[in-house]
file start.txt (compact mmCIF, C-alpha atoms)
# COMPACT_ATOMS: atom_id res chain seq x y z
CA MET U 13 148.91 150.95 96.63
CA LYS U 14 151.09 154.01 97.24
CA GLY U 15 154.20 153.77 95.12
CA LYS U 16 153.15 150.44 93.58
CA SER U 17 153.70 150.18 89.83
CA LEU U 18 151.01 148.45 87.74
CA ILE U 19 152.52 146.33 84.99
CA SER U 20 150.34 143.21 84.87
CA ILE U 21 146.77 142.98 86.14
CA ASN U 22 147.84 140.35 88.67
CA ASP U 23 150.27 142.79 90.30
CA TYR U 24 147.21 144.07 92.16
CA THR U 25 145.16 141.77 94.37
CA LYS U 26 141.41 141.44 93.93
CA GLU U 27 140.95 143.76 96.93
CA GLU U 28 143.26 146.36 95.43
CA GLN U 29 141.43 146.16 92.09
CA LEU U 30 138.08 146.63 93.86
CA ALA U 31 139.44 149.61 95.79
CA ILE U 32 140.37 151.24 92.46
CA LEU U 33 136.87 150.59 91.07
CA GLU U 34 135.29 152.04 94.20
CA LEU U 35 137.39 155.18 93.93
CA ALA U 36 136.61 155.40 90.19
CA SER U 37 132.89 155.62 90.97
CA HIS U 38 133.71 158.56 93.25
CA PHE U 39 135.50 160.29 90.34
CA GLU U 40 132.56 159.54 88.06
CA LYS U 41 130.48 161.72 90.40
CA HIS U 42 133.21 164.31 90.97
CA PRO U 43 135.53 164.23 87.95
CA ILE U 44 137.01 167.68 88.47
CA GLN U 45 139.11 168.16 91.59
CA LYS U 46 142.38 169.99 92.10
CA ILE U 47 144.12 167.25 94.05
CA LEU U 48 147.04 166.79 91.63
CA ASP U 49 148.16 170.41 91.93
CA GLY U 50 151.96 170.54 91.72
CA TYR U 51 152.28 166.97 90.40
CA VAL U 52 153.80 166.05 87.06
CA VAL U 53 152.84 162.87 85.22
CA ALA U 54 154.94 161.74 82.25
CA THR U 55 153.16 159.98 79.37
CA LEU U 56 155.70 158.22 77.18
CA PHE U 57 154.05 156.74 74.10
CA PHE U 58 156.52 154.91 71.89
CA GLU U 59 153.66 153.85 69.60
CA PRO U 60 150.33 155.37 68.58
CA SER U 61 147.24 155.37 70.74
CA THR U 62 144.09 157.48 70.84
CA ARG U 63 142.04 156.48 73.85
CA THR U 64 144.70 155.35 76.26
CA ARG U 65 146.94 158.39 75.99
CA LEU U 66 144.18 160.97 75.82
CA SER U 67 142.24 159.44 78.70
CA PHE U 68 145.37 159.40 80.88
CA GLU U 69 146.08 163.02 79.99
CA SER U 70 142.45 163.98 80.51
CA ALA U 71 142.49 162.23 83.90
CA VAL U 72 145.55 164.20 85.02
CA ASN U 73 144.31 167.52 83.64
CA ARG U 74 140.92 167.23 85.30
CA LEU U 75 142.67 166.71 88.62
CA GLY U 76 144.83 169.81 88.16
CA GLY U 77 148.11 168.01 87.46
CA LYS U 78 150.55 168.66 84.63
CA VAL U 79 151.45 166.26 81.82
CA ILE U 80 154.80 166.02 80.07
CA GLY U 81 155.82 163.46 77.50
CA PHE U 82 155.63 162.45 73.86
CA SER U 83 153.18 160.67 71.61
CA ASP U 84 155.74 159.50 69.10
CA THR U 85 159.48 159.16 69.37
CA SER U 86 160.47 161.20 66.29
CA SER U 87 161.21 164.33 68.35
CA THR U 88 163.10 162.54 71.14
CA SER U 89 166.57 161.19 71.81
CA VAL U 90 165.20 157.69 71.20
CA GLN U 91 165.85 158.58 67.54
CA LYS U 92 169.53 159.10 68.42
CA GLY U 93 169.66 155.58 69.81
CA GLU U 94 169.08 156.37 73.48
CA SER U 95 168.28 153.23 75.44
CA LEU U 96 165.01 152.71 77.26
CA LYS U 97 166.93 152.63 80.52
CA ASP U 98 168.45 156.08 79.97
CA THR U 99 165.13 157.54 78.81
CA ILE U 100 163.34 156.22 81.89
CA LEU U 101 166.07 157.35 84.31
CA THR U 102 165.95 160.82 82.80
CA VAL U 103 162.17 161.11 82.87
CA SER U 104 162.14 159.81 86.46
CA ASN U 105 163.93 163.05 87.37
CA TYR U 106 161.21 165.17 85.83
CA SER U 107 158.02 163.47 87.01
CA ASP U 108 156.19 161.87 89.93
CA LEU U 109 154.72 159.04 87.89
CA ILE U 110 155.40 157.55 84.46
CA VAL U 111 152.78 156.15 82.09
CA MET U 112 154.35 154.20 79.24
CA ARG U 113 153.22 152.42 76.09
CA ASN U 114 155.92 150.59 74.18
CA PRO U 115 155.65 147.98 71.41
CA VAL U 116 158.37 145.81 72.96
CA GLU U 117 157.01 143.08 75.25
CA GLY U 118 158.39 143.18 78.77
CA SER U 119 159.56 146.78 78.34
CA ALA U 120 157.16 147.97 81.03
CA ARG U 121 158.39 145.52 83.67
CA TYR U 122 161.97 146.44 82.85
CA ALA U 123 161.23 150.17 82.90
CA SER U 124 159.54 149.83 86.31
CA GLU U 125 162.71 148.19 87.66
CA VAL U 126 164.85 151.02 86.36
CA ALA U 127 162.55 153.95 87.21
CA THR U 128 162.86 155.78 90.52
CA VAL U 129 159.16 156.74 90.39
CA PRO U 130 156.16 154.39 89.99
CA LEU U 131 155.21 153.31 86.48
CA ILE U 132 151.89 152.37 84.87
CA ASN U 133 151.94 150.06 81.87
CA ALA U 134 149.73 151.50 79.14
CA GLY U 135 150.39 148.51 76.87
CA ASP U 136 153.58 146.57 76.13
CA GLY U 137 153.19 144.95 72.72
CA SER U 138 150.95 141.91 72.81
CA ASN U 139 151.67 141.35 76.49
CA GLN U 140 149.67 143.39 79.02
CA HIS U 141 147.33 146.37 79.14
CA PRO U 142 146.12 146.38 82.76
CA THR U 143 144.33 149.75 82.82
CA GLN U 144 142.07 148.49 80.00
CA THR U 145 141.22 145.50 82.19
CA LEU U 146 140.38 147.76 85.14
CA LEU U 147 138.10 149.94 83.02
CA ASP U 148 136.44 146.82 81.56
CA LEU U 149 135.79 145.52 85.08
CA TYR U 150 134.45 148.93 86.05
CA SER U 151 132.15 149.02 83.01
CA ILE U 152 130.81 145.56 83.81
CA ARG U 153 130.18 146.51 87.42
CA GLN U 154 128.50 149.81 86.51
CA THR U 155 126.14 148.16 84.03
CA GLN U 156 125.29 145.05 86.01
CA GLY U 157 125.50 146.41 89.56
CA LYS U 158 127.88 143.58 90.45
CA LEU U 159 130.82 141.55 89.20
CA ASP U 160 129.94 138.15 90.64
CA ASP U 161 128.08 135.30 88.90
CA LEU U 162 127.75 136.93 85.46
CA HIS U 163 127.63 135.32 82.02
CA VAL U 164 130.24 137.06 79.88
CA ALA U 165 130.52 136.35 76.15
CA PHE U 166 133.70 137.15 74.25
CA VAL U 167 133.45 137.36 70.45
CA GLY U 168 136.09 137.53 67.74
CA ASP U 169 139.84 137.15 68.00
CA LEU U 170 140.32 135.37 71.30
CA LYS U 171 143.77 134.12 70.38
CA TYR U 172 145.72 137.34 69.94
CA GLY U 173 143.56 139.91 71.75
CA ARG U 174 145.51 140.91 74.86
CA THR U 175 142.49 142.73 76.35
CA VAL U 176 140.53 139.47 76.19
CA HIS U 177 143.28 137.50 77.92
CA SER U 178 143.70 139.96 80.79
CA LEU U 179 139.96 140.38 81.31
CA VAL U 180 139.30 136.63 81.32
CA ILE U 181 142.03 136.18 83.93
CA ALA U 182 140.68 139.04 86.05
CA LEU U 183 137.09 137.74 85.83
CA CYS U 184 138.18 134.36 87.19
CA ASN U 185 137.98 136.04 90.64
CA TYR U 186 134.22 136.56 90.26
CA ASN U 187 132.63 133.19 89.51
CA THR U 188 132.06 134.17 85.89
CA THR U 189 130.59 131.81 83.29
CA PHE U 190 132.49 132.29 80.04
CA HIS U 191 130.99 132.04 76.54
CA LEU U 192 133.77 132.07 73.99
CA VAL U 193 132.90 132.70 70.34
CA SER U 194 135.67 132.56 67.74
CA PRO U 195 136.77 130.84 64.56
CA VAL U 196 138.56 127.58 65.38
CA GLU U 197 141.94 129.10 64.47
CA LEU U 198 141.44 132.04 66.85
CA LYS U 199 140.35 130.16 69.98
CA LEU U 200 141.35 131.27 73.46
CA PRO U 201 144.87 129.91 74.12
CA SER U 202 145.30 127.16 76.70
CA SER U 203 147.65 129.40 78.71
CA VAL U 204 144.61 131.59 79.44
CA LYS U 205 142.07 128.78 79.73
CA ILE U 206 144.15 127.23 82.48
CA HIS U 207 143.08 130.09 84.78
CA ILE U 208 139.38 129.23 84.17
CA LYS U 209 140.06 125.56 84.82
CA GLU U 210 142.03 126.24 88.00
CA LYS U 211 138.99 127.97 89.49
CA ASN U 212 136.62 125.25 88.19
CA LEU U 213 134.53 127.84 86.36
CA LYS U 214 132.21 126.99 83.48
CA TYR U 215 133.15 127.89 79.93
CA TYR U 216 131.55 127.13 76.58
CA GLN U 217 133.08 127.50 73.13
CA TYR U 218 131.13 128.38 69.99
CA THR U 219 131.77 129.32 66.40
CA ASP U 220 128.34 130.93 65.86
CA MET U 221 127.71 134.14 67.81
CA ASN U 222 123.93 133.65 67.64
CA ASP U 223 124.33 130.90 70.23
CA VAL U 224 125.21 133.33 73.03
CA PHE U 225 122.59 136.07 72.76
CA ASN U 226 120.12 134.34 75.08
CA SER U 227 122.52 133.75 77.94
CA ALA U 228 124.95 136.68 77.95
CA ASP U 229 124.88 139.58 80.44
CA ILE U 230 127.90 141.13 78.76
CA LEU U 231 128.85 140.83 75.10
CA TYR U 232 132.52 141.73 74.70
CA MET U 233 133.24 142.27 71.01
CA THR U 234 136.76 142.44 69.57
CA ARG U 235 138.36 143.40 66.30
CA ILE U 236 139.94 140.70 64.21
CA GLN U 237 143.37 142.20 63.63
CA ARG U 238 144.59 142.02 60.07
CA GLU U 239 148.22 142.46 61.13
CA ARG U 240 148.14 139.10 62.98
CA PHE U 241 147.64 137.01 59.86
CA SER U 242 150.56 135.83 57.77
CA ASP U 243 148.15 134.42 55.19
CA PRO U 244 145.88 137.13 53.70
CA LEU U 245 143.43 134.49 52.46
CA GLU U 246 142.93 133.26 55.98
CA TYR U 247 142.17 136.80 57.13
CA GLU U 248 139.66 137.26 54.31
CA ARG U 249 137.92 134.08 55.38
CA VAL U 250 137.38 135.14 59.02
CA LYS U 251 137.24 138.94 58.90
CA ASP U 252 133.48 139.23 58.37
CA LEU U 253 132.41 136.23 60.42
CA TYR U 254 131.19 138.20 63.41
CA ILE U 255 129.33 141.37 62.53
CA LEU U 256 126.85 142.42 65.15
CA GLU U 257 123.71 143.98 63.68
CA LYS U 258 120.71 145.56 65.31
CA ARG U 259 118.27 142.87 64.18
CA MET U 260 120.32 140.24 66.04
CA ILE U 261 119.80 141.78 69.47
CA ASN U 262 116.01 141.93 69.52
CA ASP U 263 115.69 138.98 71.80
CA VAL U 264 118.45 139.45 74.34
CA LYS U 265 118.45 139.63 78.12
CA GLU U 266 117.21 142.99 79.35
CA ASN U 267 120.44 143.79 81.16
CA LEU U 268 122.75 142.91 78.25
CA LYS U 269 125.42 145.49 77.48
CA ILE U 270 127.82 145.46 74.55
CA LEU U 271 131.45 146.30 75.29
CA HIS U 272 134.35 146.78 72.88
CA PRO U 273 137.89 147.97 73.69
CA LEU U 274 137.83 150.03 70.41
CA PRO U 275 138.88 150.85 67.77
CA ARG U 276 136.20 148.97 65.86
CA VAL U 277 136.30 148.31 62.15
CA ASN U 278 133.05 146.71 61.06
CA GLU U 279 132.29 144.18 63.80
CA ILE U 280 129.60 146.34 65.40
CA SER U 281 127.35 147.95 62.81
CA GLU U 282 126.68 151.62 63.44
CA ASP U 283 122.94 151.13 63.89
CA ILE U 284 123.74 149.49 67.22
CA ASP U 285 125.25 152.73 68.56
CA ASP U 286 121.86 154.19 69.47
CA THR U 287 120.48 151.10 71.17
CA PRO U 288 120.32 150.86 74.97
CA GLN U 289 122.68 147.88 74.77
CA ALA U 290 125.56 149.89 73.28
CA TYR U 291 128.01 150.83 76.03
CA TYR U 292 131.40 151.06 74.30
CA PHE U 293 131.72 154.83 74.18
CA GLN U 294 130.71 155.12 77.84
CA GLN U 295 133.27 152.36 78.43
CA ALA U 296 135.94 154.61 76.89
CA LEU U 297 134.83 157.47 79.16
CA ASN U 298 135.06 155.18 82.18
CA GLY U 299 138.74 154.91 81.33
CA VAL U 300 139.20 158.47 82.58
CA TYR U 301 137.63 157.75 86.00
CA VAL U 302 139.52 154.50 86.44
CA ARG U 303 142.81 156.19 85.55
CA GLN U 304 142.07 159.07 87.92
CA ALA U 305 141.53 156.50 90.66
CA LEU U 306 144.70 154.62 89.78
CA ILE U 307 146.92 157.71 89.59
CA THR U 308 145.73 159.15 92.91
CA SER U 309 146.08 155.75 94.62
CA ILE U 310 149.63 155.25 93.38
CA LEU U 311 150.58 158.79 94.38
CA GLY U 312 149.03 158.15 97.79
CA LEU U 313 146.76 161.19 97.65
CA LYS U 314 143.74 161.70 99.89
CA VAL U 315 140.55 162.05 97.87
CA MET Q 79 187.74 102.48 88.59
CA THR Q 80 186.66 101.37 85.14
CA VAL Q 81 188.82 101.63 82.07
CA LYS Q 82 186.65 104.20 80.29
CA GLU Q 83 186.78 106.59 83.21
CA LEU Q 84 190.55 106.48 83.05
CA LYS Q 85 190.40 107.92 79.55
CA VAL Q 86 190.17 111.19 81.41
CA THR Q 87 192.85 111.36 84.08
CA ALA Q 88 191.81 111.22 87.72
CA ILE Q 89 192.05 114.36 89.82
CA GLU Q 90 193.26 114.70 93.37
CA ASN Q 91 190.78 117.32 94.60
CA GLY Q 92 187.84 118.82 92.83
CA THR Q 93 184.58 117.99 91.09
CA VAL Q 94 183.73 115.46 88.42
CA ILE Q 95 180.59 116.13 86.41
CA ASP Q 96 179.56 112.82 84.87
CA HIS Q 97 176.72 111.65 82.62
CA ILE Q 98 176.54 114.81 80.53
CA PRO Q 99 174.89 114.21 77.12
CA SER Q 100 177.80 114.12 74.66
CA LYS Q 101 176.54 116.97 72.52
CA ASN Q 102 176.12 119.26 75.53
CA VAL Q 103 179.58 119.12 77.08
CA PHE Q 104 180.63 122.44 75.59
CA GLN Q 105 177.34 123.97 76.67
CA VAL Q 106 178.00 122.92 80.27
CA ILE Q 107 181.47 124.44 80.05
CA ARG Q 108 179.94 127.70 78.90
CA ILE Q 109 177.13 127.73 81.48
CA LEU Q 110 179.61 127.20 84.32
CA ASN Q 111 181.92 129.81 82.80
CA LEU Q 112 184.80 127.30 82.87
CA GLU Q 113 186.29 129.04 79.83
CA ASN Q 114 187.48 131.75 82.23
CA PHE Q 115 188.64 129.39 84.96
CA ASP Q 116 192.38 129.21 85.65
CA ASN Q 117 192.63 125.80 87.29
CA GLN Q 118 193.17 122.52 85.50
CA ILE Q 119 190.13 121.27 83.62
CA LEU Q 120 189.90 117.89 81.89
CA PHE Q 121 187.04 116.85 79.72
CA GLY Q 122 186.02 114.10 77.39
CA THR Q 123 183.05 113.51 75.22
CA ASN Q 124 181.53 110.72 73.11
CA LEU Q 125 182.71 108.30 75.78
CA GLU Q 126 180.96 104.98 76.11
CA SER Q 127 178.22 104.78 78.70
CA LYS Q 128 176.29 101.65 79.69
CA LYS Q 129 173.26 103.71 80.69
CA TYR Q 130 173.11 106.31 77.94
CA GLY Q 131 175.12 104.97 74.99
CA THR Q 132 177.56 107.84 75.02
CA LYS Q 133 178.30 110.55 77.53
CA GLY Q 134 180.55 113.44 78.33
CA ILE Q 135 182.53 114.08 81.47
CA ILE Q 136 184.22 117.16 82.93
CA LYS Q 137 186.75 117.21 85.76
CA VAL Q 138 187.55 120.50 87.43
CA LYS Q 139 190.51 120.60 89.76
CA ASN Q 140 190.18 122.33 93.14
CA LYS Q 141 186.65 123.55 92.46
CA PHE Q 142 183.59 122.72 94.56
CA PHE Q 143 180.40 124.15 93.14
CA GLU Q 144 177.54 125.74 95.07
CA SER Q 145 174.18 124.02 94.36
CA LYS Q 146 172.82 127.27 92.95
CA GLU Q 147 175.70 127.43 90.49
CA ILE Q 148 175.67 123.81 89.40
CA ASN Q 149 171.88 123.42 89.12
CA LYS Q 150 171.96 125.70 86.08
CA ILE Q 151 173.35 122.81 84.03
CA ALA Q 152 170.23 120.72 84.70
CA LEU Q 153 168.67 122.34 81.62
CA VAL Q 154 171.22 120.67 79.32
CA ALA Q 155 172.36 117.79 81.52
CA PRO Q 156 169.38 116.74 83.63
CA LYS Q 157 170.89 113.32 84.42
CA ALA Q 158 174.32 114.66 85.40
CA THR Q 159 176.06 113.20 88.44
CA LEU Q 160 178.30 115.38 90.54
CA ILE Q 161 181.19 113.61 92.19
CA ILE Q 162 183.18 115.44 94.83
CA ILE Q 163 186.77 114.21 95.04
CA LYS Q 164 189.13 114.73 97.95
CA ASP Q 165 192.53 113.01 98.02
CA PHE Q 166 191.56 110.93 94.97
CA LYS Q 167 188.57 109.56 96.90
CA VAL Q 168 184.89 110.05 96.20
CA VAL Q 169 183.49 111.87 99.22
CA GLU Q 170 180.06 112.74 97.86
CA LYS Q 171 177.77 112.09 94.87
CA LYS Q 172 174.97 114.43 93.97
CA THR Q 173 172.43 114.87 91.22
CA VAL Q 174 171.34 118.16 89.72
CA GLU Q 175 167.88 119.69 89.90
CA ILE Q 176 166.30 122.36 87.71
CA PRO Q 177 166.10 125.49 89.91
CA ASP Q 178 162.88 127.51 90.46
CA HIS Q 179 164.39 130.54 88.76
CA ILE Q 180 166.88 130.75 85.92
CA ASP Q 181 168.79 133.97 85.40
CA GLU Q 182 171.01 135.16 82.58
CA ILE Q 183 172.00 131.91 80.84
CA VAL Q 184 168.89 131.28 78.71
CA LYS Q 185 167.69 133.45 75.85
CA CYS Q 186 163.98 134.36 75.70
CA PHE Q 187 162.28 132.69 72.72
CA ASN Q 188 160.19 135.79 71.99
CA PRO Q 189 162.14 137.96 69.50
CA ASN Q 190 160.08 141.01 70.57
CA CYS Q 191 161.02 140.61 74.24
CA ILE Q 192 162.91 143.51 75.82
CA THR Q 193 165.74 141.11 76.72
CA ASN Q 194 166.34 140.58 72.99
CA VAL Q 195 166.05 144.26 72.13
CA GLU Q 196 168.11 145.99 74.83
CA LYS Q 197 170.94 144.95 77.13
CA VAL Q 198 168.75 143.33 79.79
CA LYS Q 199 169.67 140.16 81.69
CA THR Q 200 167.06 137.44 81.23
CA LYS Q 201 165.09 136.10 84.19
CA PHE Q 202 162.74 133.15 84.10
CA ASP Q 203 160.39 131.42 86.51
CA VAL Q 204 160.35 127.67 85.95
CA VAL Q 205 156.65 126.85 85.63
CA SER Q 206 157.20 123.15 84.92
CA LYS Q 207 160.36 121.27 85.85
CA GLU Q 208 159.06 118.08 84.27
CA GLU Q 209 158.30 119.52 80.85
CA VAL Q 210 160.90 122.30 81.23
CA ILE Q 211 158.75 125.39 80.67
CA LEU Q 212 160.32 128.74 81.48
CA ARG Q 213 158.17 131.85 81.86
CA CYS Q 214 159.92 135.10 81.06
CA HIS Q 215 159.84 137.59 83.95
CA TYR Q 216 159.60 140.43 81.44
CA CYS Q 217 157.42 139.50 78.44
CA GLU Q 218 155.57 136.70 80.33
CA LYS Q 219 155.85 134.37 77.33
CA ASN Q 220 156.86 130.74 77.78
CA THR Q 221 160.07 129.30 76.42
CA VAL Q 222 159.72 125.52 76.20
CA LYS Q 223 162.34 122.80 76.20
CA ASN Q 224 162.75 122.53 72.41
CA ASN Q 225 163.16 126.29 72.06
CA ILE Q 226 165.77 126.82 74.72
CA THR Q 227 168.94 128.47 73.48
CA PHE Q 228 171.74 129.88 75.57
CA ARG Q 229 173.18 133.35 75.58

call {"tool": "encode", "arguments": {"input": "start.txt", "output": "structure tokens"}}
result
Amino acid sequence: MKGKSLISINDYTKEEQLAILELASHFEKHPIQKILDGYVVATLFFEPSTRTRLSFESAVNRLGGKVIGFSDTSSTSVQKGESLKDTILTVSNYSDLIVMRNPVEGSARYASEVATVPLINAGDGSNQHPTQTLLDLYSIRQTQGKLDDLHVAFVGDLKYGRTVHSLVIALCNYNTTFHLVSPVELKLPSSVKIHIKEKNLKYYQYTDMNDVFNSADILYMTRIQRERFSDPLEYERVKDLYILEKRMINDVKENLKILHPLPRVNEISEDIDDTPQAYYFQQALNGVYVRQALITSILGLKV
Amino acid sequence: MTVKELKVTAIENGTVIDHIPSKNVFQVIRILNLENFDNQILFGTNLESKKYGTKGIIKVKNKFFESKEINKIALVAPKATLIIIKDFKVVEKKTVEIPDHIDEIVKCFNPNCITNVEKVKTKFDVVSKEEVILRCHYCEKNTVKNNITFR
């Protein structure tokens, strides 16, 4: 993977993805190592982020590397109208690797074609967020001991959630059975479903989340995003449809874990946080290990 | 030679592009960049056609197109016939085919795509030639037949 940018999850083969997960479990055991000494990683965040930016920076810092970059564009030449191309070419001179989040779709692919150093996409609008997918896969593997043959339930906004789309596509490599819970107007798009169909995998669609508690190994909750609705009434109608409460998970499979890409609003009630099923904050921590694994692999460093 | 074809004068050497949908003649001219071509170009549109009702036709003198170049017009003139003329004689007839990749000429339908925000040439993979579905190399969104516009 040395020198290989990661823009879309499918840029990496199943074997390459598994190699990252394997290395991530090494970093989980040994998170602090000085193998990035002398390296500079640029984090360019053209829009806000908490977890993604901080976990990338934490990953680099714990490995002894240095981080340069910005978390909003107000103090940069982007404000003077500098093009993305010029920004990327400039930052390529100052760093060994670029991590970029940008609200414009396709900006990451374009930036990787312009950059003279490898680039990791940390989210390009509603398009791709591949490091989230890797850390989701890692979290599933850590909690279930395997990736193959699992029943994974997705709940909430399956239409617009980019993390859902990428994870569904990635899980198609592992004989997953999909349980898809959403309001009718927020169903998984056919462009994503086609990947499930191509692999002849089983999928079931529901509108009531109670229907999946008996079968799911993983419950992947999502936020219904207000900003996606043009009609506020429609948002009001669906926003409280799927609220997971403690009393609902009394009768679940023993191995069930609840994942959420975060931030959450109200879809997981706080009394769940202390149950053995809650895994979403550990999931966010796993993001550091996965990103450590990804950065060292792309830089071609011996671990 | 039929009377209606003579409405546009015959050429000695060059290429005749026939069976263009009438409303797309100017689009074909733009896609092939004929606006900047110095040789003689004759064209007609809203001509009678037995097969299609009406049609457009373009004759370009002393120009023989590469397949890669001409196949671009398949998006707006899928039924076009290419007639290669040498010494006033038809030496070859070809049809056009939608290529596997389409660069530059089409605009991405997604307004939030980088190609619509910065000066970036568009690139598409053709995911369905039958239904004409183009997948943007950058934002990965599909532009479908009814949404295709040209840059």

call {"tool": "closest_residue", "arguments": {"input": "start.txt", "among": "U:Ser309, U:Ile47, U:Arg235, U:Phe58", "to": "Ser87 of chain U", "atoms": "only C-alpha atoms"}}
result
U:Phe58

call {"tool": "atom_distance", "arguments": {"input": "start.txt", "atom1": "atom CA of Pro130 of chain U", "atom2": "atom CA of Ile310 of chain U"}}
result
7.4 Å

call {"tool": "closest_residue", "arguments": {"input": "start.txt", "among": "U:Gln304, U:Gln289, U:Ser86, U:Thr143", "to": "Gln156 of chain U", "atoms": "all atoms listed in the file"}}
result
U:Gln289

call {"tool": "closest_atom_pairs", "arguments": {"input": "start.txt", "of": "segment 133-182 of chain Q", "to": "segment 204-222 of chain Q", "cutoff": "7 Å", "atoms": "all atoms listed in the file", "output": "Markdown table"}}
result
| residue | atom | partner | partner_atom | distance |
| --- | --- | --- | --- | --- |
| Q:Ile176 | CA | Q:Lys207 | CA | 6.3 |
| Q:Asp178 | CA | Q:Val204 | CA | 5.2 |
| Q:His179 | CA | Q:Val204 | CA | 5.7 |

call {"tool": "residues_around", "arguments": {"input": "start.txt", "residues": "segment 256-270 of chain U", "least_positions_apart": "6", "cutoff": "8 Å", "atoms": "all atoms listed in the file", "output": "PyMOL selection string"}}
result
chain U and resi 155-156+222+225-233+279-281+283-284+288-292

call {"tool": "residues_around", "arguments": {"input": "start.txt", "residues": "Met221 of chain U", "least_positions_apart": "5", "cutoff": "8 Å", "atoms": "only C-alpha atoms", "output": "list of chain:residue names"}}
result
U:Val167, U:Val193, U:Tyr254

call {"tool": "atom_distance", "arguments": {"input": "start.txt", "atom1": "atom CA of Gly137 of chain U", "atom2": "atom CA of Cys191 of chain Q"}}
result
9.1 Å

call {"tool": "closest_residue", "arguments": {"input": "start.txt", "among": "Q:Thr200, Q:Asn225, Q:Thr93, Q:Ser145", "to": "Ile183 of chain Q", "atoms": "only C-alpha atoms"}}
result
Q:Thr200

call {"tool": "atom_distance", "arguments": {"input": "start.txt", "atom1": "atom CA of Leu297 of chain U", "atom2": "atom CA of Ser37 of chain U"}}
result
12.1 Å

call {"tool": "closest_atom_pairs", "arguments": {"input": "start.txt", "of": "chain U", "to": "chain Q", "cutoff": "6 Å", "atoms": "all atoms listed in the file", "output": "JSON lines"}}
result
{"residue": "U:Val116", "atom": "CA", "partner": "Q:Asn190", "partner_atom": "CA", "distance": 5.6}
{"residue": "U:Glu117", "atom": "CA", "partner": "Q:Cys217", "partner_atom": "CA", "distance": 4.8}
{"residue": "U:Gly118", "atom": "CA", "partner": "Q:Cys217", "partner_atom": "CA", "distance": 3.8}
{"residue": "U:Ser119", "atom": "CA", "partner": "Q:Ile192", "partner_atom": "CA", "distance": 5.3}
{"residue": "U:Arg121", "atom": "CA", "partner": "Q:Tyr216", "partner_atom": "CA", "distance": 5.7}

call {"tool": "residues_around", "arguments": {"input": "start.txt", "residues": "segment 15-31 of chain U", "least_positions_apart": "2", "cutoff": "8 Å", "atoms": "only C-alpha atoms", "output": "list in words"}}
result
Met13, Leu33, Glu34, Leu35, Ala120, Arg121, Ser124, Val129, Pro130, Leu131, Ile132, Asn133, Gln140, His141, Pro142, Thr143, Thr145, Leu146, Ser178, Ala182, Asn185, Ile310, Leu311 and Gly312 of chain U

call {"tool": "closest_residue", "arguments": {"input": "start.txt", "among": "Q:Asp203, Q:Asp96, Q:Glu113, Q:Glu144", "to": "Glu182 of chain Q", "atoms": "only C-alpha atoms"}}
result
Q:Asp203

call {"tool": "residues_near_point", "arguments": {"input": "start.txt", "point": "(191.0, 118.3, 81.9)", "cutoff": "8 Å", "atoms": "only C-alpha atoms", "output": "list in words"}}
result
Val86, Thr87, Gln118, Ile119, Leu120, Phe121, Gly122, Ile136, Lys137 and Val138 of chain Q

call {"tool": "closest_residue", "arguments": {"input": "start.txt", "among": "U:Ser151, U:Gln144, U:Thr102, U:Asn73", "to": "Ala127 of chain U", "atoms": "all atoms listed in the file"}}
result
U:Thr102

call {"tool": "residues_around", "arguments": {"input": "start.txt", "residues": "Val53 of chain U", "least_positions_apart": "2", "cutoff": "12 Å", "atoms": "all atoms listed in the file", "output": "PyMOL selection string"}}
result
chain U and resi 48-51+55-56+65+68-73+75-82+103-112+129-132+304+307-308+310-311
